[in-house]
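*Asks:* The structure follows.
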Amino acid sequence: GSLDLRHPGVVRADPETTAGARRLMSAYTALGCSPTWTCAPYQLTHRPAFGTHVAWAESNAIVFVNSVLGARTDRYGDFLDIGAAITGRVPDGGLHQDANRRATIRLDCARLPPALLAEDAAWGVLGHLAGRAAGSGVPVLTGVGDAVTEDQLKAFGAAAASGGGVGLFHVVGVTPEAPTLAAVAAEDIETVRVEDLRPMRDELSTARGPGLDALCLGTPHFSLTEFERLAALADGEPFRIPVYVTTSRAVLAEAGRLGFAAPVRAAGARIVVDTCTYITPILDPVLRTVMTTSGKWAWYAPGNIGVETVLGSLAECVASARAGTVVRDGALWSS
């Protein structure tokens, strides 16, 4: 949605825009939609089963449901998805078909340090690289091990779909359609090294200098696991700059029940639901330089809301929010 219905006033929109957003959201619920208002519907309990055909819009959701869940959707933009819901039909083509789900390029990540691959932000940078390399094709990753989390796959897919046109990716030994490389084999091979990722990180970091005005997390929407990690890091010195965390109302309710939301708020963060900070006027216009863990947020925010960006790991982001200036872990990106 274009509003945070749970926290009125958080969106800095004029009355006409607000009224139009409410009308649109009401129209969806009148059609029978569940008002979940999230860009990450795969974080809800009712997830599509492997092999089922669905019609999803939102680029990060498309790539996640295809890749991580193994359901099948093509790239359905707004209102095409509603047409599919009304008719119960989608075109028999694109990523619904087996032939189009084979990998077109292999990215060998065996030379990347495990410490770097443990960071969600690094997966966003890797996704940005994959989007550039694959275009609208299907990349397959090898050499990353099998201890890959859903949050890392989420970060990778969102960035690959933003920096490129990726609607499906495979990770050998991790994603359901790629138990082996032979199952999704690709002829073209590229080796990925740390020195390949640093330029991608810097491309997603448009700001120059250490100045920092705000921190934005949760694009795609923050998961329960991400809340747990942030709560542990936020338990201590409060933030010195504005911090925004976007999530779904369902995840926020669970984070509140488990005690993850309270320390985040106590550190000074504002939690936003139903929308995202890179598409909706939420940030104060005086905030010019913003740090994020999200490759997708860093890719779109400069054009959408006119800010400069800094991409970093969650630990770097929390340290920066406490210091009021950009803090980098030099060893992380140079090992």
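Ordering of the structure tokens sets the chain letters (A, B, ...); residue numbers start at 1 within each chain; ligands are numbered from 1 in the order shown.
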Which residues come within 6 Å of range 72-81 of chain A, counting only C-alpha atoms, excluding same-chain residues fewer than 3 positions away, as a compact mmCIF listing (two decimals) with N, CA and C atoms, in the first residue's frame?

*Replies:*
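Written output follows (part_28.txt):
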```
# COMPACT_ATOMS: atom_id res chain seq x y z
N HIS A 53 1.19 -23.27 -9.63
CA HIS A 53 1.21 -22.09 -10.49
C HIS A 53 0.48 -20.95 -9.79
N VAL A 54 1.15 -19.80 -9.70
CA VAL A 54 0.59 -18.63 -9.04
C VAL A 54 0.80 -17.43 -9.94
N ALA A 55 0.16 -16.33 -9.60
CA ALA A 55 0.34 -15.09 -10.36
C ALA A 55 0.72 -14.00 -9.37
N TRP A 56 2.00 -13.67 -9.34
CA TRP A 56 2.50 -12.67 -8.39
C TRP A 56 3.09 -11.48 -9.12
N ALA A 57 2.90 -10.31 -8.55
CA ALA A 57 3.59 -9.11 -8.97
C ALA A 57 4.65 -8.81 -7.91
N ASN A 66 9.49 -18.16 -7.11
CA ASN A 66 10.03 -19.06 -8.13
C ASN A 66 11.24 -19.83 -7.64
N ALA A 84 -5.56 -12.19 -13.32
CA ALA A 84 -5.37 -13.63 -13.12
C ALA A 84 -6.22 -14.14 -11.96
N GLY A 94 6.54 -18.33 -20.37
CA GLY A 94 7.48 -17.74 -19.43
C GLY A 94 7.97 -18.75 -18.41
N LEU A 95 8.06 -18.31 -17.17
CA LEU A 95 8.62 -19.15 -16.11
C LEU A 95 7.65 -20.21 -15.60
N HIS A 96 6.47 -20.30 -16.20
CA HIS A 96 5.58 -21.43 -15.89
C HIS A 96 6.06 -22.70 -16.58
```

*Asks:* As JSON, numbers by chain, please: every residue in range 64-312 of chain A that a backbone DSSP assignment puts in helix (DSSP H, G or I).

*Replies:* {"A": [64, 65, 66, 67, 68, 69, 80, 81, 82, 83, 84, 85, 86, 87, 94, 95, 96, 98, 99, 100, 101, 114, 115, 116, 117, 120, 121, 122, 123, 124, 125, 126, 127, 128, 129, 130, 131, 132, 133, 134, 150, 151, 152, 153, 154, 155, 156, 157, 158, 159, 160, 161, 162, 163, 181, 182, 183, 184, 194, 195, 196, 197, 198, 199, 200, 201, 202, 203, 224, 225, 226, 227, 228, 229, 230, 231, 232, 233, 234, 249, 250, 251, 252, 253, 254, 255, 256, 257, 261, 262, 263, 264, 265, 266, 295, 296, 297, 298, 299, 300, 301, 302, 303, 304, 305]}

*Asks:* Hey, could you make a per-residue contact list for range 6-47 of chain A against range 224-227 of chain A with 12 Å as the cut-off, showing the nearest pair of atoms and its distance in Å to one decimal, counting only C-alpha atoms, sorted by chain and number, as CSV?

*Replies:*
```
residue,atom,partner,partner_atom,distance
A:Ala40,CA,A:Leu224,CA,11.9
A:Gln43,CA,A:Leu224,CA,8.6
A:Leu44,CA,A:Leu224,CA,10.5
```

*Asks:* Please produce a file of the residues just selected, as a CSV table (one decimal), in the first residue's frame, where the atoms kept are all heavy atoms.

*Replies:*
```csv
chain,number,residue,atom,x,y,z
A,40,ALA,N,6.5,-8.8,0.9
A,40,ALA,CA,7.1,-10.1,1.1
A,40,ALA,C,6.1,-11.1,1.6
A,40,ALA,O,6.1,-11.6,2.7
A,40,ALA,CB,8.2,-10.0,2.1
A,43,GLN,N,6.6,-14.4,3.5
A,43,GLN,CA,6.9,-14.5,4.9
A,43,GLN,C,5.6,-14.8,5.8
A,43,GLN,O,5.7,-14.9,7.0
A,43,GLN,CB,7.5,-13.2,5.4
A,43,GLN,CG,8.9,-13.0,4.8
A,43,GLN,CD,9.6,-11.7,5.2
A,43,GLN,OE1,10.8,-11.5,5.0
A,43,GLN,NE2,8.9,-10.7,5.8
A,44,LEU,N,4.5,-14.9,5.1
A,44,LEU,CA,3.2,-15.2,5.8
A,44,LEU,C,3.2,-16.7,5.9
A,44,LEU,O,3.9,-17.5,5.3
A,44,LEU,CB,2.1,-14.6,5.0
A,44,LEU,CG,2.1,-13.1,4.8
A,44,LEU,CD1,0.9,-12.7,3.9
A,44,LEU,CD2,2.1,-12.4,6.1
```

*Asks:* I'd like to know which of A:Ile241, A:Ala103, A:Leu311, A:Ala255 is closest to Arg198 in chain A, using only C-alpha atoms.

*Replies:*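 Between A:Ile241, A:Ala103, A:Leu311, A:Ala255, the residue approaching Arg198 in chain A most closely is A:Leu311.
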
*Asks:* What are the DSSP strand (DSSP E) residues of range 257-319 of chain A, as a short mmCIF file (atom, residue, chain, number, x, y, z; two decimals) with all heavy atoms, in the first residue's frame?

*Replies:*
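This is the output file out01.cif:
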```cif
data_model
loop_
_atom_site.label_atom_id
_atom_site.label_comp_id
_atom_site.auth_asym_id
_atom_site.auth_seq_id
_atom_site.Cartn_x
_atom_site.Cartn_y
_atom_site.Cartn_z
N ALA A 269 14.25 3.41 17.10
CA ALA A 269 13.78 3.14 15.74
C ALA A 269 12.28 3.33 15.63
O ALA A 269 11.53 3.06 16.57
CB ALA A 269 14.15 1.72 15.33
N ARG A 270 11.83 3.76 14.47
CA ARG A 270 10.40 3.84 14.16
C ARG A 270 10.06 2.68 13.24
O ARG A 270 10.69 2.49 12.19
CB ARG A 270 10.07 5.16 13.47
CG ARG A 270 8.66 5.20 12.90
CD ARG A 270 8.29 6.57 12.37
NE ARG A 270 7.96 7.47 13.47
CZ ARG A 270 7.51 8.71 13.29
NH1 ARG A 270 7.38 9.22 12.08
NH2 ARG A 270 7.22 9.47 14.33
N ILE A 271 9.07 1.87 13.63
CA ILE A 271 8.66 0.72 12.84
C ILE A 271 7.45 1.12 11.99
O ILE A 271 6.46 1.65 12.51
CB ILE A 271 8.32 -0.48 13.74
CG1 ILE A 271 9.56 -0.89 14.55
CG2 ILE A 271 7.84 -1.66 12.88
CD1 ILE A 271 9.31 -2.02 15.53
N VAL A 272 7.56 0.88 10.69
CA VAL A 272 6.54 1.24 9.72
C VAL A 272 5.99 -0.04 9.10
O VAL A 272 6.74 -0.96 8.78
CB VAL A 272 7.13 2.14 8.62
CG1 VAL A 272 6.07 2.51 7.59
CG2 VAL A 272 7.77 3.39 9.21
N VAL A 273 4.66 -0.10 8.93
CA VAL A 273 4.05 -1.26 8.28
C VAL A 273 3.25 -0.81 7.05
O VAL A 273 3.03 0.38 6.84
CB VAL A 273 3.11 -2.03 9.24
CG1 VAL A 273 3.87 -2.57 10.43
CG2 VAL A 273 1.94 -1.16 9.70
N THR A 289 21.33 11.72 3.35
CA THR A 289 22.20 10.55 3.19
C THR A 289 21.68 9.44 4.09
O THR A 289 21.56 9.63 5.30
CB THR A 289 23.66 10.88 3.55
OG1 THR A 289 24.11 11.95 2.72
CG2 THR A 289 24.55 9.67 3.33
N VAL A 290 21.39 8.30 3.50
CA VAL A 290 20.71 7.21 4.22
C VAL A 290 21.48 5.91 4.01
O VAL A 290 21.87 5.57 2.89
CB VAL A 290 19.26 7.04 3.73
CG1 VAL A 290 18.54 5.99 4.57
CG2 VAL A 290 18.51 8.38 3.78
N MET A 291 21.66 5.17 5.09
CA MET A 291 22.35 3.88 5.04
C MET A 291 21.32 2.76 5.08
O MET A 291 20.24 2.89 5.69
CB MET A 291 23.32 3.75 6.21
CG MET A 291 24.33 2.62 6.06
SD MET A 291 25.63 2.75 7.33
CE MET A 291 26.76 1.46 6.79
N THR A 292 21.63 1.65 4.44
CA THR A 292 20.71 0.52 4.37
C THR A 292 21.49 -0.78 4.19
O THR A 292 22.65 -0.76 3.76
CB THR A 292 19.72 0.69 3.19
OG1 THR A 292 18.79 -0.40 3.18
CG2 THR A 292 20.46 0.73 1.86
N GLU A 308 20.97 10.23 -1.12
CA GLU A 308 22.21 9.51 -1.36
C GLU A 308 22.24 8.28 -0.45
O GLU A 308 21.70 8.31 0.65
CB GLU A 308 23.42 10.40 -1.07
CG GLU A 308 23.47 11.67 -1.91
CD GLU A 308 23.62 11.40 -3.39
OE1 GLU A 308 24.27 10.39 -3.75
OE2 GLU A 308 23.05 12.16 -4.20
N THR A 309 22.86 7.21 -0.91
CA THR A 309 22.79 5.95 -0.19
C THR A 309 24.16 5.45 0.24
O THR A 309 25.18 5.75 -0.38
CB THR A 309 22.13 4.86 -1.06
OG1 THR A 309 22.89 4.72 -2.27
CG2 THR A 309 20.70 5.23 -1.38
N VAL A 310 24.16 4.65 1.30
CA VAL A 310 25.33 3.90 1.75
C VAL A 310 24.85 2.48 2.04
O VAL A 310 23.90 2.29 2.81
CB VAL A 310 25.95 4.50 3.02
CG1 VAL A 310 27.18 3.69 3.44
CG2 VAL A 310 26.31 5.97 2.82
N LEU A 311 25.47 1.49 1.42
CA LEU A 311 25.10 0.10 1.64
C LEU A 311 26.07 -0.53 2.63
O LEU A 311 27.29 -0.39 2.49
CB LEU A 311 25.13 -0.69 0.33
CG LEU A 311 24.69 -2.15 0.44
CD1 LEU A 311 23.19 -2.23 0.64
CD2 LEU A 311 25.09 -2.93 -0.81
#
```

*Asks:* So which one's closest to Val174 in chain A, A:Asp146, A:Asp196, A:Glu119, A:Asp151? Using only C-alpha atoms, please.

*Replies:*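 Smallest separation from Val174 in chain A among the options: A:Asp146.
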
*Asks:* Kindly indicate which residue among A:Gly88, A:Gly312, A:Pro113, A:Pro176 lies nearest to Leu204 in chain A, using only C-alpha atoms for the distances.

*Replies:*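 Closest residue, counting only C-alpha atoms: A:Gly312.
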
*Asks:* Please provide the set of residues having any atom within 6 Å of range 231-238 of chain A, restricted to only C-alpha atoms, with same-chain residues fewer than 3 positions apart removed, written as a PyMOL selection string.

*Replies:* chain A and resi 227-228+260+263-264+267

*Asks:* Tell me which protein, DNA and RNA residues are within 9 Å of Glu316 in chain A, counting only C-alpha atoms, leaving out same-chain ones fewer than 2 positions away, and put them as a list in words.

*Replies:* Thr293, Gly312, Ser313, Leu314, Val318, Ala319, Ser320, Ala321, Val326, Val327, Arg328 and Asp329 of chain A

*Asks:* Name the closest residue to Tyr42 in chain A among the candidates A:Val245, A:Ala118, A:Leu24, A:Ala250; distances are taken between atoms, counting only C-alpha atoms.

*Replies:* A:Ala250

*Asks:* Quick one: of A:Thr246, A:Thr17, A:Ser162, A:Thr36, who's nearest to Pro220 in chain A, counting only C-alpha atoms?

*Replies:*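 Between A:Thr246, A:Thr17, A:Ser162, A:Thr36, the residue approaching Pro220 in chain A most closely is A:Thr246.
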
*Asks:* If you measure from CA of Asp92 in chain A to CA of Phe169 in chain A, what distance in Å do you get, rounded to one decimal?

*Replies:*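 Atom-to-atom, CA of Asp92 in chain A and CA of Phe169 in chain A are spaced 20.0 Å apart.
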